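Peer 1: Encoded as structure tokens, here's the structure I'll be asking about.
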Amino acid sequence: MAAAAAAAAVGDPQPPQPEAPAQGLALDKAATAAHLKAALSRPDNRAGAEELQALLERVLNAERPLAGAAGGEEAAGGGGGGPGEAEEDALEWCKCLLAGGGGYEEFCAAVRAYDPAALCGLVWTANFVAYRCRTCGISPCMSLCAECFHQGDHTGHDFNMFRSQAGGACDCGDSNVMRESGFCRRHQIKSSSNIPCVPKDLLMMSEFVLPRFIFCLIQYLREGYNEPAADAPSEKDLNKVLQLLEPQISFLEDLTKMGGAMRSVLTQVLTNQQNYKDLTAGLGENACAKKSHEKYLIALKSSGLTYPEDKLVYGVQEPAAGTSTLAAQGFAGATGTLGQIDSSDEEDQDGSQGLGKRKRVKLSSGTKDQSIMDVLKHKSFLEELLFWTIKYEFPQKMVTFLLNMLPDQEYKVAFTKTFVQHYAFIMKTLKKSHESDTMSNRIVHISVQLFSNEELARQVTEECQLLDIMVTVLLYMMESCLIKSELQDEENSLHVVVNCGEALLKNNTYWPLVSDFINILSHQSVAQRFLEDHGLLVTWMNFVSFFQGMNLNKRELNEHVEFESQTYYAAFAAELEACAQPMWGLLSHCKVRETQEYTRNVVRYCLEALQDWFDAINFVDEPAPNQVTFHLPLHRYYAMFLSKAVKCQELDLDSLLPDQEMLMKLMIHPLQIQASLAEIHSNMWVRNGLQIKGQAMTYVQSHFCNSMIDPDIYLLQVCASRLDPDYFISSVFERFKVVDLLTMASQHHNMVLDVEHERSMLEGALTFLVILLSLRLHLGMSDDDILRAEMVAQLCMNDRTHSSLLDLIPENPNPKSGIIPGSYSFESVLSAVADFRAPIFEPGGSMQQGMYTPKAEVWDQEFDPVMVILRTVYRRDVQSAMDRYTAFLKQSGKFPGNPWPPYKKRTSLHPSYKGLMRLLHCKTLHIVLFTLLYKILMDHQNLSEHVLCMVLYLIELGLENSADDDSEEEVSMGGPERCHDSWFPGSNLVSNMRHFINYVRVRVPETAPELKRDPLASTSSDALDSLQNSRRPKVLQRENSGTAQVFSLVAERRKKFQEIINRSNSEANQVVRPKIPSKWSAPGSSPQLTTAILEIKESILSLLIKLHHKLSGKQNSYYPPWLDDIEVLIQPEIPKYNHGDGITAVERILLKAAVQSRMNKRIIEEICRKVTPPVPPKKITAAEKKTLDKEERRQKARERQQKLLAEFASRQKSFMETAMDVDSPENDIPMEITTAEPQVSEAVYDCVICGQSGPSSEDRPTGLVVLLQASSVLGQCRDNAEPKKLPIAEEEQIYPWDTCAAVHDVRLSLLQRYFKDSSCLLAVSIGWEGGVYVQTCGHTLHIDCHKSYMESLRNDQVLQGFSVDKGEFTCPLCRQFANSVLPCYPGSNVENNLWQRPCNKSTQDLIKEVEELQGRPGAFPSETNLSKEMESVMKDIKNTTQKKYRDYSKTPGSPDNEFLFMYSVARTNLELELIHRGGSLCSGGPSTAGKRSCLNQLFHVLALHMRLYTIDSEYNPWKKLTQLVEDMNSQVGNEDQQPEVPILYHDVTSLLLIQILMMPQPLRKEHFTCIVKVLFTLLYTQALAALSVKGTEEDRSAWKHAGALRKDTCDAEKCYEVLLSFVISELSKGKLYYEEGAQECAMVSPIAWSPESMERYIQDFCLPFLRVSSLLQHHLFGEDLPSCQEEEEFSVLASCLGLLPTFYQTDHPFISASCLDWPVAAFDIITQWCFEITSFTERHAEQGKALLIQESRWKLPHLLQLPENYNTIFQYYHRKTCSVCTKVPKDPAVCLVCGTFVCLKGLCCKQQSYCECVLHSQNCGAGTGIFLLINASVIIIIRGHRFCLWGSVYLDAHGEEDRDLRRGKPLYICEERYRVLEQQWVSHTFDHINKRWGPHYNGL
């Protein structure tokens, strides 16, 4: 425990004591402890107590510094066996004393027995896997450990698994946090009742020992802490101290785990104030204690804290007094103290110091009390322990100890109070910390346990002023990073905002404090206290105003900004977390009428804060140009509380609204944001860099929109509903800078906007008005309606997965709001609006997730373009929604053309907001609409279909919401209002639509075409003109009947503003013009303007009808529908008008206008009667005509280009479909590599690079694009069709002894043990593991073209997914991955046809020919290009696999080895093709892998090389097969040299390949058939021999007997019984059958053999050979494979191979023996073969028998079978330890081929720079590995030096992957996906199908 604690006796002057007794004492700890315990148990225990104290003084002495911690003053503290031992000794003493002489383990067990374990309370740290069940949780922070979760019943609940970020504790058993139904079995029992009372003497010693122990720990912490010199304490020193204290803290932690009884003792010790006083005061004579106390005081002081003297005591003792004094103090001396604090914080601001101070003074007067910030008084161990925990920045061990104590209720309360008391200190430490992330996590780890409990939070709020403390601490924290706001008035602004560039905001350092605040506000009782306390609300609004206007953007007008700051992330996060989240928390408690008072309070102080803000930034009426801030939290608080008040609390809106002037100010900044959004999307801010776009996107993004854009738009709606509509509309157009565009003239000059931005800004302004007028989110929609609208909008943009929908739908951020994701309403709405599309797997390999797609009726009735526009982050999503809508209309036959966005009926408005509709009925808007309709009709520039669409939408909105009371409105228009009454008589849209406007006077540039004609003197007119320059002469000719003054939007707006201000100033008599900043007057450079008069003679109705003609391109196209069918007017909701384009929209509007008034109906009819051709624009200058023509030409060119592109795309598609059928290995149409026309004698190849066709020749060879890869798929075949299961428990291990590879390995090594090496290497095939598989995409190229192609790839610096240096490339045509070129052998393509003649040579002749041909040595062809290529490709083939998979001979590099490797390559490819066909040839037909097969070319290459190695004719197996040897004994070989492998042990398929590859190519068919026939006889004999070994002794004698009877019949050689009996009698000559004892027979249950089962056995034995031979024949001679039933496969293949005589009758059952065609007398040759075996079994009978039984029936390879539920895998593997380092790996993975557990990227298992997964992929799959990553549920594929993420085969209930288990929902196996994975593995198509590969550099 102490560095030299128990060794105090050694050389220390303190208690002078010789060494020996100390040793004695140490030996006898137990006795001493027992003695003391007895002494203390007596009634008078003073003596015992003193004795114990003395002992503890000595043992727990913190005098010496911890070894090496406090520097080298007292280096190791004298002898005593070294410091480590001393500490251990002290701990041993403690354990002995606690146990009172007994054993410590027994003591622990005894204490545990008294544990009333009602709570789990398990504490975990970061990265622990825990669970959260929303169904059972009361607090959103509830979490359970895995054990409690699995022991509880949560079936059907909404739960998820998660990896803890900050650590946490299990809440099982705590009914404050979760419902009791969710408790696990252990914690359901309220066990306190049946636990006996703790016997007093059990824990008596603990009560004495622990206070000293804890005090000792505290002394160490005091000693170890050295106040840093200038910078923060060096982490290293602190960590060193902590490391040395590890055993002590662990000891305490173990004590807490002993259960409730021990915890209550600890609680007593930790909270007892008397103990603390006695031990720590340091006033005794003990110098050491004194020094320690001094260090403690220094530490307090350096933390900027004062240690109050007793008379000044504040805090926990007398909270009531505390509060009152605080309030009373009023805080005069605050400034002084603040200054002080600042200087002690070493990071004081330099330049902004003065400002900071000034601001702070203002703040402090409102805040509560300085002492919150800097008074700490410790009265118990607990308090000082927490102090040091903070000082040392929350060491994990200490945190865990403090949390482990929480199940003790008394401790919980004490600890919470202590935590609150230290809150300010925590904030200071956090701000200074270098590791603020880790520290934040640890703080939250603690606080979430304390503040989630409502009861506790309420208690602390009442007793310790928790809310005051939190708000003050937050305020102080933010004060340290304030800067002057530059919004509006840069020079004189008094407003300060947080600086988003500061670390505090950038690193989110504030989040632990904010998250605690949000947490406690979620409790009703606490939130109500907050909302009632006016002082707190003022302080809080003060806090919020720090964020008002932060991160100001100024538009760059000249050059691009040099450095793009990324501070906006910090700004948005800060507003969301520090302002919006607490706001949602408070709102959730203002839901009912009774809470009206709270809302009034918030609104009142919010308005006050806003008023202060406007004053501080000197705001009058115009926002400063070219700047925008997205952060207006005060506006948003105000808006959201207004909305709540009207929606839930039935408050009268007007009672909460300020005066008109304030409303005008309130609307300015939100409107500025809307205009800026349009500017940003019009690329006007492009010089500010990408980050400004980022801000515009974040502002509307789903996590932010309901705290940002929604409140802003709502606030604008409120302002609009209460302000003068003309004023509001003109403000909008002025903010969007498009006023100048709104003129009837065809040319205008805009002073504030470039021409190219005009159109998109006009679209922006109109779109904004449409959103403003049609959005009902806060104006009367219910929560379910809102959810439905949001969901429909998201689904219309794109089909969505369940999780992305949850993410995209702005949920109410407060967890207690009831609309939780996944809640009942969410699911029910989802099923109402969307259909689920199950996850499909596209053959392209891109895996689809389960998606939701809108139902047809949603498209039909609910698609709402306005909502879509509001919610799109990317503009392309709007287009995507329209495209999908168009597709729906086409498909359902509702509308064939290009539709316009549909008009959607809106929910009715809440009565409080009815005023909003006045916007639609104000003259200003009507003038704008009229002007725009006219301009569109006249084809003025800069107007788009989108503008027309929005204009019509607004007209329709106006008709839908027509004002019923026009009469009185007419009257009210008095005085100056009449300024534009000759435009329109009233303000009702319905009547204004029919009003004809004859002439308009406009101001135009002198160059305008309008001036060319003489103005009619007699006419006078109204002019719409929108110049900013309002200093226009106001000379009005009143006498002229129809004239009025020039109408200017801006002037109107200004006048309105003035009137309102005057009204409020009660100075109605004098009209003052507000001073207009000079910026706004027209710049001098503007061209001269003159007045012109235009003849218009249109009304809105007539313009609409003409537009109809224009849009339809026909004269008189509009015919009023009611003339035919009067019904139309009665029920105007006609479905035919719901969907359509502009023509439909116009018709719909005209119909609505007619319905609303008989006048309109009559006028429409009139207009239609005298319809005229649309008026052409009066004059079009040549220049304008030119531009128009140019536009048209451009449009046509564009259409042509589109058409061409479409055609090209479809051609490309059809090519891809024919050429690149990679993706579905099933139904491939074989693309013949060659064109098989019989008359052509030579194959012709197309080179895909140079495009020339021609034959392959010696000097310019053509090659096939191939991919060579090593494969161990064959080796994974087992003899069992059931795949193995993935092990999910310790006892389930998979052993590979039964795999094909293992069996073949054993066989080869057995042969090599007893036979001659060279002969062994010809008796088997290798390549079951690491065999080389060759596949092609079927495209060919010239080899020289390929070389230059590779050269160009090498020089191409683009990052490819493959490595050119390794020869990798992609096929130039189909882009399939490849790594070599296989030369095509020149020669005729139809040689097979020539040799098809029925051959009439005898078998004997053929056998001789074969022998001769094999004997000819194969000279390597002369050095041609072709032969060089053949050599290089052979080298590639060898290098494809690892050396260990090539070298099997005992003498390295022997030619036999090469030979074996080469024919095995052929074998591997044939066997794999068989597997791709499903393991049999029943399906027949051309090869399914047809176009991919390159066996023909491969055979040429192999044969060419094999013929370089001649087999000695002596040893050529052909001889043994076809000739009798005179002297059998000579064959056996002498004793000393090993014999050759007996022919019956040879693998017949290998022999077939050897024989064929030894022949000169091309091979003749008759020779092929001859070889197959000869080999079949051997095979048949092997089958009989194997059968004989399988049978029992009785079976054998019966068979032997039966066959002997028929030996002399005529067809004895073709009768299996005869042959079998002969084989048995021959083999009986050796010891083959004698060896087996009775025990073996007992093991193998005897099979009852019948003739049928024997025949079946023989056929099964022979089938694999027949299949390979037939495939080979198919490839070499191009014959089709017949298809057949499974049961007749043998006979069909036999006849196809020519084994069956043609005259074979099919009536009696087929017998395999009838295929035999013996080259020499059967019995002689069998004798000869059997002799070799009998002579071997003389010595090795066991092995002899084993070698005879060859397992030839392998089932198809499979991956391991996975469990249904992913959790089973996860729970077993994620805790499994690595076999090398026995730690739990960070990224565990498991191989899906063999079940091996590996560490991904684990350094522990690294061997020669290869990490374990890469190594395993080489050993298990020869370079291909398939691993399931346990912690991510994803499968990763390793192929050679590359890897890719394949995807997941586990999906959740909604058909989605959960990569990295982020959502933690239960996952289930998706069988289809797993089949696809297996299919890709077996067919070796990973490289082709998966697109995203990257190099792994052996690091996986």
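Residue numbering restarts at 1 for every chain of the structure tokens, chains are lettered A, B, ... in their displayed order, and ligands are numbered from 1 as they appear.
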Taking 2 positions as the minimum chain separation for residues in the same chain, which residues sit within 6 Å of A:Leu632 when counting only C-alpha atoms? Answer as a PyMOL selection string.

Peer 2: chain A and resi 548-549+634-635

Peer 1: Just want the 12 Å neighbourhood of A:Leu1803, counted on only C-alpha atoms, with same-chain residues fewer than 2 positions away dropped. Output as a list of chain:residue names.

Peer 2: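 Here the qualifying residues turn out to be A:Cys1778, A:Val1780, A:Cys1781, A:Lys1783, A:Pro1785, A:Lys1786, A:Asp1787, A:Val1798, A:Cys1799, A:Leu1800, A:Lys1801, A:Cys1805, A:Lys1806, A:Gln1807, A:Gln1808, A:Ser1809, A:Tyr1810, A:Cys1811, A:Glu1812, A:Cys1813, A:Asn1898, A:Gly1899, A:Leu1900.
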
Peer 1: Suppose you want the space between atom CA of A:Arg1859 and atom CA of A:Phe162; what is it in Å?

Peer 2: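 Computed distance, atom CA of A:Arg1859 to atom CA of A:Phe162, equals 12.5 Å.
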
Peer 1: Taking the DSSP assignment computed from this structure's backbone, write out as a PyMOL selection string all residues of stretch 1642-1767 of chain A that belong to alpha helix (DSSP H).

Peer 2: chain A and resi 1642-1643+1651-1677+1689-1696+1722-1737+1741-1748+1766-1767

Peer 1: Counting only C-alpha atoms, which of A:Met847, A:Met938, A:Ile1725, A:Leu242 gets nearest to A:Glu393?

Peer 2: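 Residue with the minimum atom-to-atom distance to A:Glu393: A:Leu242.
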
Peer 1: Considering only C-alpha atoms, return as a ChimeraX atom specification whatever protein or nucleic-acid residues lie within 12 Å of stretch 1873-1879 of chain A, sequence-local ones (same chain, fewer than 5 positions apart) excluded.

Peer 2: /A:839-849,1223-1226,1273,1283,1475-1478,1756-1764,1792-1793,1826-1828,1834-1837,1846-1851,1855,1857,1868,1884-1886,1889-1890

Peer 1: Using only C-alpha atoms, which of A:Lys29, A:Gly915, A:Arg163, A:Arg186 sits nearest A:Leu55?

Peer 2: A:Lys29

Peer 1: Check the smallest atom-to-atom distance from each of A:Leu777, A:Leu1676, A:Ala1746, A:Ala1153 to A:Leu1557 using only C-alpha atoms, then report the winner.

Peer 2: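 For A:Leu1557, the nearest of the given residues is A:Leu1676.
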
Peer 1: For a test of reading the model, state the distance in Å between atom CA of A:Asp201 and atom CA of A:Val269, rounded to one decimal.

Peer 2: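 If I compute the distance from atom CA of A:Asp201 to atom CA of A:Val269, I get 16.7 Å.
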
Peer 1: Would you please work out which residue, of A:Leu1552, A:Met427, A:Leu385, A:Leu1502, is nearest to A:Ser1669 when using only C-alpha atoms?

Peer 2: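 Using only C-alpha atoms, the shortest distance to A:Ser1669 belongs to A:Leu1552.
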